[in-house]
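Below you'll find the structure, written out as structure tokens, and then a few comments.
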Amino acid sequence: MSELILYLNIIRRNPIYLAGLVIVSLFVVVGLIAPYILTRPGDAWGLTYDINKRLSPPSLEHLFGTDEYGRDLFNRVLLGTRFSLVIGVGVVALSLAIGIPVGLIAGYVGGKAGTALMRVTDMFLAFPPLLLAIALAATFGRGLSNTILALSLSWWPWYSRLIYLQVSSVRNLPYVDAAKVIGISEARIMFRHVLPNSLTPVITQATLDIGSAILEASALSFLGIGVPPPTPEWGLLVSSGWRLISVAWWVSFFPGLAIVITVLGFNLLGDAVKELMDPRLRNLLSMRRV
Amino acid sequence: MSEEKLLKVSELTIHYHTVEGIIKAVRNISLEVNVGDSLCIVGESGSGKSTLGLAISLSLPKNAVVVSGSILYKGRDLLKLKTSEVGRYRGKEISMIFQDPATTFNPLFTIGEHLTDILRHHFGMSREEALERAVELLKMVRLPDQARILHAYPHELSGGMLQRAAIAAALSTNPKILIADEPTTMLDVTTQAQILDLINSLKRELNLTLILITHNLGIAGEVCSRTAVMYAGTLLEEGPTEDIILNPLHPYTAKLIKAVPIITKTQGRLSHIPGVLPDLRNPPKGCPFVDRCELATPECSASQPEYFRVGGVRRVACILYGGEHE
Amino acid sequence: MPVPREYVVKRLLLLVFVVIGVLVITFVITRIIPARPEFLWAGPHATEEQLKRARQELHLDEPVHVQLYYYLLDFFRGNWGVSWRTRLPVLNDLLTALPATLELVIVAFLLASLIGIPLGIYSALRYGRIADQIIRVLTILGASVPVFWIALIFQTAIGIWAGVLPAGKRVDDYLAYITGFKPITGFYILDSIIQGNLPVFIDVLRHIIMPAFVLSIYPLSLSSRMSRSLMIEVLNENHVRSLEVWGVPQKTILFKYALRNVIVPVIASLGLSFGYTLVGAFMVELIFVWPGLGYYAGMSLLSYDYPAIIGVVILVALFYSLINLVVDLIHAWLDPRVRF
């Protein structure tokens, strides 16, 4: 806990890291309250349209302009935050739910069974990122939960690997042996002692991965195999403005900007955490040569 | 024979600027080294002995600041060299080897590549000439099968072989002074003895001036004629090695001698000196050893003790020996 | 230094294992997960007759292991199914499209390494200064931008509004026609050089530069960030200090010794990002009407052309494994410690 306070203090002092923290906090808050602060909920949910106002450029009335059905884009992008939050957290949570048990079992059991289990996860990693998700999404069909499922099924092996490496290194620490000697059961060692030690880095990594999950989900939507219209998912909004971009740039521009800012926030925070967690890099702050 | 000093360090003070604050690593150190001398600098880790070595070899890290003092080499102040002049001294006049032979060479290049690059730069040799000379150098450090070693990558050689190769690299430019920073600490006991033997005989053969940095007074006894004891960035005592080991003056030196690991004594724990090193960001005003010294008096913490001459060839910074001022 | 044969053999065996793994996973995705796989394979408007034929072709009425056997057999015979959209065998379509994509991705990777690595090293040498901070934020930004969005923006701003560069396609068809340009290898840069056709060569470069740059943004950021942290790390290594003490000039230490410590792992990780870039090419090609694998994949996805989608997935995964093999061998060749 005191570590966390220390980190927060260091982040606070660096404007770049602070920006990351602010963006991510804002994203979470807006994502939670978005449905309740909409000025035009009908436009946001895609239930209403106004042909007379179609493709109006940004103005005080419509900050981000309107789309081809005359819906207010600001409201749609705002509600899109909720979808990105749900997808990002959903993908990461589901991936952890699959990845942690697999990695834990493989790492703790060890031996041939453990190796075999890790070989299976290696096969999943033989697919480039996003590709397996594309295959799965195309098989499942469009939909919010299908998108989350497709991304999670292609995502979990990363966490299995992380947990596996953690567990197999913790397993060899003297205190685990000592616990066995004094007669503590394997299951108890595994859940009470090994798991808590291995979880922190994996959960940290997963939290920072929310940004990448949002990025990949938006790519699926753009390719037409993610969330179906009229959901105001950011990638889908960009795609809806694609053919109109030379006459109505704002339709694609603002939702894309929302993706950039959100993902940037997570990546800045990730960079901060990486630099803070790496003792070598931390020392470099003082011991540089060149 | 002229009595001009080869190396004269005067009142040297060096600070490191770090995120944790300014670390006063070396404080007001003066030393003299004659041609052909062998001087040991003995101290625990954190005593500033390595910083002193890096300063003399012109290789301080970027965050080190020389606050005051001078390092005269043949009468020239090395700290006042222009950037263009540094190359004439670094490696060429004063060279250095380090503690961990496994990380001394770049893992992606062969030993031969390292050696020939040094030779080609210093002597403008062609590749073939440099290779020929590299073989001679490896012979000089008693490495067998020189052609194989030239083509070997660092991870393919043992620690002892790498340290020999490092000595070859350091001596390839015919330096006058060799600084060896804990050259045997990372090696096993038999290899340690071999490397020390090698350094000893090369020193005689090449008429080298040697500065050996170590935490182990036993090694000082085997190699060096004179010894300087450092603690918390200051020099506590200096004199002929034999005198220092048989009759330590400073209470710290006496304790350090008790801490020398003796292999034949398998029983009993290594004796260590109780207490901790002072915080070098804010070193004590008086004698730095005062907190760990059993003979300390209130006077000790009042101000830094001056050096007192003992028996003409020794000096010690301890008020116990007051009377004969330097 | 030659790479030991055992390492190559070991690595090849791993490739075989991975290829089988890729095929088994795609089998599970396409045949086991869907409730009625024939619907996916025969298309949305398939007749009862077509569905029945699809069931037969896929051996869906037989046990799973028999299905897998025929699946693998078809794969190795090159029978990858027929696209509904183009009505051509999927493998033919893919092989026709492959050179265009490879050309684009290779140019993107050249840009990524030629810009990214020097940028990262410069940033490291200016550690903590303003230039370093700017490069750092820019490269983090580069890794955060959705490729389809930045592609649209570049195309609109530079290609359409400013009209400085062509907004799409690989070559001006009219120019190619009047100068008698004939694709031979499918790599237009190479083809125009072979034919000594300078106007087409320039036109091809003008067409490729924008999509290639857009595609390179992610690997460029990656290689720059990695070079930066590696360079900082390497400069603090003992071996840099020892060369310095032995009087080797800074220039040699930096650009001969330290540079290799940086480049070897960066190239390895660029190789790993190749797969990501190939998938990014799906969107970039779709937007820039670049008739490669990505355009084919993108069109297939937009029209739910299932056999074509799965064909692309398998091909790209295989390609990715192959690239990883090559990268590992290069890595082993450059870094003697990797060979074990």
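Chain identifiers are assigned as A, B, and so on, following the order in which chains appear in the structure tokens; residues are numbered from 1 within each chain, and ligands are numbered from 1 in order of appearance.
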
Exercise for the section: Dump as a list in words the residues of chain A that approach chain C to within 6 Å, counting only C-alpha atoms. Expected result: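 Residues of chain A within 6 Å of chain C, counting only C-alpha atoms: Met123, Phe127, Pro128, Pro129, Gly224, Gly256, Val260, Val263 and Leu264 of chain A.
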
Would you write out those residues with N, CA and C atoms, as a PDB file, in the first residue's frame?
ATOM      1  N   MET A 123       0.439 -22.532 -28.653  1.00  0.00           N
ATOM      2  CA  MET A 123      -0.216 -22.636 -29.964  1.00  0.00           C
ATOM      3  C   MET A 123      -1.113 -21.427 -30.208  1.00  0.00           C
ATOM      4  N   PHE A 127      -0.709 -17.367 -33.204  1.00  0.00           N
ATOM      5  CA  PHE A 127      -1.489 -16.453 -34.036  1.00  0.00           C
ATOM      6  C   PHE A 127      -1.059 -15.022 -33.722  1.00  0.00           C
ATOM      7  N   PRO A 128      -0.898 -14.192 -34.762  1.00  0.00           N
ATOM      8  CA  PRO A 128      -0.612 -12.795 -34.462  1.00  0.00           C
ATOM      9  C   PRO A 128      -1.780 -12.176 -33.692  1.00  0.00           C
ATOM     10  N   PRO A 129      -1.539 -11.138 -32.906  1.00  0.00           N
ATOM     11  CA  PRO A 129      -2.616 -10.492 -32.169  1.00  0.00           C
ATOM     12  C   PRO A 129      -3.759 -10.128 -33.122  1.00  0.00           C
ATOM     13  N   GLY A 224     -16.451  -4.705 -39.324  1.00  0.00           N
ATOM     14  CA  GLY A 224     -17.816  -5.184 -39.484  1.00  0.00           C
ATOM     15  C   GLY A 224     -18.096  -6.516 -38.824  1.00  0.00           C
ATOM     16  N   GLY A 256     -12.728   8.535 -33.428  1.00  0.00           N
ATOM     17  CA  GLY A 256     -11.348   8.048 -33.486  1.00  0.00           C
ATOM     18  C   GLY A 256     -10.486   8.744 -32.456  1.00  0.00           C
ATOM     19  N   VAL A 260      -8.072   7.296 -29.486  1.00  0.00           N
ATOM     20  CA  VAL A 260      -6.659   7.668 -29.312  1.00  0.00           C
ATOM     21  C   VAL A 260      -6.407   8.135 -27.890  1.00  0.00           C
ATOM     22  N   VAL A 263      -6.753   5.211 -25.239  1.00  0.00           N
ATOM     23  CA  VAL A 263      -5.656   4.245 -25.294  1.00  0.00           C
ATOM     24  C   VAL A 263      -4.349   4.901 -24.872  1.00  0.00           C
ATOM     25  N   LEU A 264      -4.176   6.153 -25.284  1.00  0.00           N
ATOM     26  CA  LEU A 264      -2.976   6.887 -24.885  1.00  0.00           C
ATOM     27  C   LEU A 264      -2.883   6.970 -23.366  1.00  0.00           C
TER      28      LEU A 264
END

Tell me the residues of chain B close to chain C, meaning within 7 Å using only C-alpha atoms, as a PDB file with N, CA and C atoms, in the first residue's frame.
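The resulting file, selection21.pdb, is shown below:
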ATOM      1  N   SER B  57      41.620   6.895 -13.490  1.00  0.00           N
ATOM      2  CA  SER B  57      41.635   6.362 -14.855  1.00  0.00           C
ATOM      3  C   SER B  57      40.776   7.214 -15.789  1.00  0.00           C
ATOM      4  N   SER B  59      37.610   7.932 -15.852  1.00  0.00           N
ATOM      5  CA  SER B  59      36.404   7.266 -16.305  1.00  0.00           C
ATOM      6  C   SER B  59      35.259   7.401 -15.319  1.00  0.00           C
ATOM      7  N   GLY B  87      42.161  11.437 -24.467  1.00  0.00           N
ATOM      8  CA  GLY B  87      42.509  10.217 -25.180  1.00  0.00           C
ATOM      9  C   GLY B  87      43.984   9.867 -25.085  1.00  0.00           C
ATOM     10  N   ARG B  90      43.895   8.327 -21.164  1.00  0.00           N
ATOM     11  CA  ARG B  90      42.980   7.250 -20.798  1.00  0.00           C
ATOM     12  C   ARG B  90      43.312   5.990 -21.594  1.00  0.00           C
ATOM     13  N   GLY B  91      43.599   4.919 -20.901  1.00  0.00           N
ATOM     14  CA  GLY B  91      43.955   3.676 -21.568  1.00  0.00           C
ATOM     15  C   GLY B  91      45.416   3.660 -21.970  1.00  0.00           C
ATOM     16  N   LYS B  92      45.903   4.781 -22.420  1.00  0.00           N
ATOM     17  CA  LYS B  92      47.260   4.847 -22.949  1.00  0.00           C
ATOM     18  C   LYS B  92      48.304   4.924 -21.820  1.00  0.00           C
ATOM     19  N   SER B  95      45.564   2.489 -17.257  1.00  0.00           N
ATOM     20  CA  SER B  95      44.527   1.560 -17.688  1.00  0.00           C
ATOM     21  C   SER B  95      43.956   0.838 -16.471  1.00  0.00           C
ATOM     22  N   MET B  96      42.892   0.083 -16.706  1.00  0.00           N
ATOM     23  CA  MET B  96      42.163  -0.429 -15.552  1.00  0.00           C
ATOM     24  C   MET B  96      41.511  -1.765 -15.880  1.00  0.00           C
ATOM     25  N   THR B 103      31.306  -9.523 -17.284  1.00  0.00           N
ATOM     26  CA  THR B 103      30.632  -8.396 -17.936  1.00  0.00           C
ATOM     27  C   THR B 103      31.630  -7.375 -18.473  1.00  0.00           C
ATOM     28  N   THR B 104      32.915  -7.729 -18.440  1.00  0.00           N
ATOM     29  CA  THR B 104      33.928  -6.778 -18.902  1.00  0.00           C
ATOM     30  C   THR B 104      33.935  -6.642 -20.414  1.00  0.00           C
ATOM     31  N   PHE B 105      33.580  -7.753 -21.102  1.00  0.00           N
ATOM     32  CA  PHE B 105      33.579  -7.723 -22.564  1.00  0.00           C
ATOM     33  C   PHE B 105      32.143  -7.709 -23.085  1.00  0.00           C
ATOM     34  N   ASN B 106      31.946  -7.061 -24.217  1.00  0.00           N
ATOM     35  CA  ASN B 106      30.629  -7.035 -24.851  1.00  0.00           C
ATOM     36  C   ASN B 106      30.271  -8.441 -25.332  1.00  0.00           C
ATOM     37  N   LEU B 108      28.401  -9.655 -27.494  1.00  0.00           N
ATOM     38  CA  LEU B 108      28.136  -9.909 -28.910  1.00  0.00           C
ATOM     39  C   LEU B 108      29.398  -9.830 -29.769  1.00  0.00           C
ATOM     40  N   ILE B 118      41.218  -1.959 -29.780  1.00  0.00           N
ATOM     41  CA  ILE B 118      42.059  -1.125 -28.923  1.00  0.00           C
ATOM     42  C   ILE B 118      43.399  -0.863 -29.619  1.00  0.00           C
ATOM     43  N   HIS B 121      43.201   1.401 -32.670  1.00  0.00           N
ATOM     44  CA  HIS B 121      42.996   2.806 -32.337  1.00  0.00           C
ATOM     45  C   HIS B 121      44.249   3.443 -31.761  1.00  0.00           C
ATOM     46  N   ALA B 170      43.942  -4.436 -21.083  1.00  0.00           N
ATOM     47  CA  ALA B 170      44.354  -3.248 -20.344  1.00  0.00           C
ATOM     48  C   ALA B 170      45.824  -2.932 -20.600  1.00  0.00           C
TER      49      ALA B 170
END

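From atom CA of B:Thr173 back to atom CA of B:Ser70, the distance works out to 24.6 Å.
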
Practice task
Might you pull out every residue within 10 Å of A:Gly42, with only C-alpha atoms counted and same-chain residues fewer than 3 positions away left off, and present them as a ChimeraX atom specification?
Solution key: /A:38-39,45-49,71-72,75-76

Practice task
Give me the residues within 7 Å of stretch 13-25 of chain A as a PyMOL selection string, counting only C-alpha atoms and dropping any in the same chain fewer than 5 places off.
Solution key: chain A and resi 262+265-266+268-269+272

Exercise for the section: For chain A, work out the contacting residues on chain B at 8 Å, counting only C-alpha atoms, and write them as a PyMOL selection string. Expected result: chain B and resi 17-19+61-63

Handout entry: Residues within 7 Å of C:Ser123, only C-alpha atoms, excluding chain neighbours under 5 positions, as a count of residues only
Key = 4

Practice task
Mind checking which residues fall within 12 Å of C:Leu198, counting only C-alpha atoms, ignoring those fewer than 6 positions away in the same chain, and posting them as a list in words?
Solution key: Leu175, Ala176, Thr179, Gly180, Phe181, Tyr188, Ile189, Leu190, Asp191, Ser192, Val204 and Leu205 of chain C

Practice task
Choose the residue, out of C:Leu293, C:Leu114, C:Val171, C:Ala108, that has the smallest atom-to-atom separation from C:Leu215; count only C-alpha atoms.
Solution key: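 Closest candidate: C:Ala108.
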
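The nearest approach to B:Ala64 among the residues B:Leu208, B:Ile167, B:Leu235, B:Ile14, with only C-alpha atoms taken into account, belongs to B:Ile14.
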
Problem - Pick from B:Ala152, B:Leu162, B:Val313, B:Ile211 nearest to B:Asp100, counting only C-alpha atoms - result: B:Leu162

Exercise for the section: Might you pull out every residue within 8 Å of B:Ala232, with only C-alpha atoms counted and same-chain residues fewer than 2 positions away left off, and present them as a list in words? Expected result: Ala25, Val26, Gly46, Ser47, Gly48, Met230, Thr234, Leu277, Pro278, Leu280, Pro283 and Pro288 of chain B

Practice task
Just list the residues in stretch 72-177 of chain B DSSP gives helix (DSSP H, G or I) on the backbone, as a PyMOL selection string.
Solution key: chain B and resi 78-80+83-89+101-103+111-123+127-140+146-150+154-156+159-171

Handout entry: Residues of stretch 54-239 of chain B in strand (DSSP E or B), written as a ChimeraX atom specification
Key = /B:64-73,76-77,90,94-97,177-181,209-214,226-231,234-239

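Distance check against B:Ser50 using only C-alpha atoms: of B:Glu128, B:Glu156, B:Asp145, B:Glu182, the minimum falls on B:Glu182.
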
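Among the candidate residues A:Asn52, A:Ser145, A:Thr81, A:Asn9, the one lying nearest to A:Gly31 is A:Thr81, with distances computed using only C-alpha atoms.
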